[in-house]
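Student: My structure is below; once you've seen it, I'll send some questions.
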Amino acid sequence: MVTARLARAGPPVAGAALHAAGGGLPLPGGDTEIDWKAYMAEVEGVINGTYDYTQLQGDTGPLVYPAGFVYIFMGLYYATGRGTDIRMAQHIFAVLYLATLLLVFLIYHQTCKVPPFVFFFMCCASYRVHSIFVLRLFNDPVAMALLFLSINLLLAQRWGWGCCCFSLAVSVKMNVLLFAPGLLFLLLTQFGLRGAIPKLGICAVLQVVLGLPFLLENPVGYVSRSFDFGRQFLFRWTVNWRFLPEAFFLHRAFHLALLTAHLTLLLLFALCRWHRTGESILSLLKDPSKRKVPPQPLTPNQIVSTLFTSNFIGICFSRSLHYQFYVWYFHTLPYLLWATPARWLTHLLRLLVLGLIELSWNTYPSTSCSSAALHVCHAVILLQLWLGPQPFPKTTQHSKKAQ
């Protein structure tokens, strides 16, 4: 549920002229501008000397992203002639798209779970994702690229650098926090509480350093704007709850129910799926060398499965999903579908699930059927993750490193 509170309140798609595949009104350079001008106006305000977050805004509303967003898009502001060279911006985002694919492929290469033919669909079958990157020029792809870089560093056992990149991704857009419960579990598993605190400190210190100019000017304004968990969203833009009455969608009791379900499912996965040593989960607070079960090195699949599942649970219980949010989990879907073998879920059925998810995200405006289909697909994936083989097998024996 937390996920829906983390994004810009402005519309995720522009105007009634948008068609089902996500097209818009083309501007010079072939983009369909939605937030780019707003981004440029916001960072221009900082360039002009305004460090009070409550005074920074663009065409679609106030600046609602943390400081890392400001610095990165300030670089894009200068690289694109103060935001006017749209074609240059598209070229930069095309490179970002290819870099993201490379980072994702490196992750999948280490897990060895997904059959090669699936990558064709990841690369070629999603017009919506191509649009989000190269046509829309949203900040979501920037945050996700940094997140996938962070995961690669964690897989390389560079935990300090991985946490640094994770925090940098959060500073671009807060949806990355959906991975945080999984990361916390991995840090406690690997290092215990005492060893995890320095890594968590890296995340916190980086946020303070990046936000320092704005914190010195108006700390309450910066925190309330860039880390606002209570923002309200318009029903007209929701992708996942179109079948609900608008009054129910906006009701706080519904939001609290989603938050409760989100936290409950995270706890169940932590207790029953991720923690499989036979000890109490509180044993994670101990130093690994003092636990009853000898510490075992985390495998790539344990790291990836925990992080991807943590994020996916947040997506499932999001109180609203907008069209650009698709990149929050698009590149993780093949792993979630193929990592846990299930006889009842054949390759064809898995591809069908991917196709229905893609169709749901490409339906504009969303309908009751498209939203319901999206939830059914999410439920199938959750059921497979719960019933499939555990990423953390219940054993007390030392695991052997893969050669």
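Residues are named by chain letter and number: chains run A, B, ... in the order of the structure tokens, numbers start at 1 in each chain, and ligands are numbered from 1 in the order shown.
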Excluding range 180-186 of chain A and any residue of its chain fewer than 6 positions from it, enumerate the residues within 6 Å of it, using only C-alpha atoms, and give them as JSON, numbers by chain.
Tutor: {"A": [306, 307, 310]}
Student: Could you give me, as a PyMOL selection string, each residue of range 217-373 of chain A that DSSP assigns to alpha helix (DSSP H) when run on this structure's backbone?
Tutor: chain A and resi 217+219-226+246-250+252-269+300-316+333-338+347-361+368-373
Student: Do you have, as CSV, the list of residues of range 98-137 of chain A lying at most 12 Å from range 349-354 of chain A, each with its nearest atom pair and that distance in Å to one decimal, counting only C-alpha atoms and ordered by chain then number?
Tutor:
```
residue,atom,partner,partner_atom,distance
A:Val114,CA,A:Arg350,CA,11.4
A:Pro115,CA,A:Arg350,CA,11.8
A:Phe117,CA,A:Leu351,CA,10.7
A:Val118,CA,A:Leu351,CA,8.4
A:Phe119,CA,A:Leu351,CA,11.5
A:Phe120,CA,A:Leu351,CA,11.6
A:Phe121,CA,A:Leu354,CA,8.9
A:Met122,CA,A:Leu354,CA,9.7
A:Ala125,CA,A:Leu354,CA,10.0
A:Ser126,CA,A:Leu354,CA,10.2
```
Student: Take the residues just selected and output them with C-alpha atoms as a tab-separated table (two decimals), in the first residue's frame.
Tutor:
```tsv
chain	number	residue	atom	x	y	z
A	114	VAL	CA	14.60	-17.94	-16.39
A	115	PRO	CA	14.65	-19.64	-19.84
A	117	PHE	CA	13.27	-17.19	-24.76
A	118	VAL	CA	11.59	-15.09	-22.06
A	119	PHE	CA	14.09	-12.28	-22.56
A	120	PHE	CA	12.68	-11.62	-26.01
A	121	PHE	CA	9.43	-10.55	-24.37
A	122	MET	CA	11.29	-8.42	-21.85
A	125	ALA	CA	7.07	-6.95	-26.25
A	126	SER	CA	6.30	-3.95	-24.02
```
Student: If we count only C-alpha atoms and set the cut-off at 12 Å, which residues sit around Ser318 in chain A, ignoring sequence neighbours fewer than 2 positions away in its own chain? Please answer as an NGL selection string.
Tutor: :A and (1-7 or 175 or 178 or 233 or 238-241 or 249 or 254-263 or 311-316 or 320-322 or 325 or 328 or 375 or 378)
Student: Just want the 9 Å neighbourhood of Gln302 in chain A, counted on only C-alpha atoms, with same-chain residues fewer than 2 positions away dropped. Output as a list in words.
Tutor: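 The neighbour list is Leu186, Trp274, Leu298, Thr299, Pro300, Val304, Ser305, Thr306, Leu307, Pro391 and Phe392 of chain A.
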Student: Please provide the set of residues having any atom within 12 Å of Ile107 in chain A, restricted to only C-alpha atoms, with same-chain residues fewer than 4 positions apart removed, written as a PyMOL selection string.
Tutor: chain A and resi 100-103+111-114+147-156+300-301+303-305+307-308+331-332+334-335
Student: Which one is closest to Leu250 in chain A: A:Leu212, A:Val43, A:Ile197, A:Leu234? Count only C-alpha atoms.
Tutor: A:Leu234
Student: One number please: CA of Gly388 in chain A to CA of Leu336 in chain A, in Å, one decimal.
Tutor: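 One can read the CA of Gly388 in chain A to CA of Leu336 in chain A distance as 10.7 Å.
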Student: Under the rule that only C-alpha atoms are counted, which of A:Leu385, A:Thr340, A:Val129, A:Pro66 is the nearest residue to Gln207 in chain A?
Tutor: A:Pro66
Student: Using only C-alpha atoms, which residues sit within 8 Å of Ile357 in chain A once same-chain residues fewer than 6 positions away are excluded, as number ranges by chain?
Tutor: A: 373-374, 377
Student: Would you mind exporting the chosen residues as an mmCIF file, in the first residue's frame, restricted to C-alpha atoms?
Tutor:
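Written out: part_16.cif:
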```cif
data_model
loop_
_atom_site.group_PDB
_atom_site.id
_atom_site.type_symbol
_atom_site.label_atom_id
_atom_site.label_comp_id
_atom_site.auth_asym_id
_atom_site.auth_seq_id
_atom_site.Cartn_x
_atom_site.Cartn_y
_atom_site.Cartn_z
ATOM 1 C CA ALA A 373 -7.352 -9.002 -14.681
ATOM 2 C CA LEU A 374 -4.289 -7.300 -13.208
ATOM 3 C CA CYS A 377 -2.444 -12.131 -12.455
#
```
Student: Between A:Gly83, A:Pro213, A:Pro295, A:Pro116, which has the minimum distance to Leu137 in chain A (counting only C-alpha atoms)?
Tutor: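 Nearest to Leu137 in chain A: A:Gly83.
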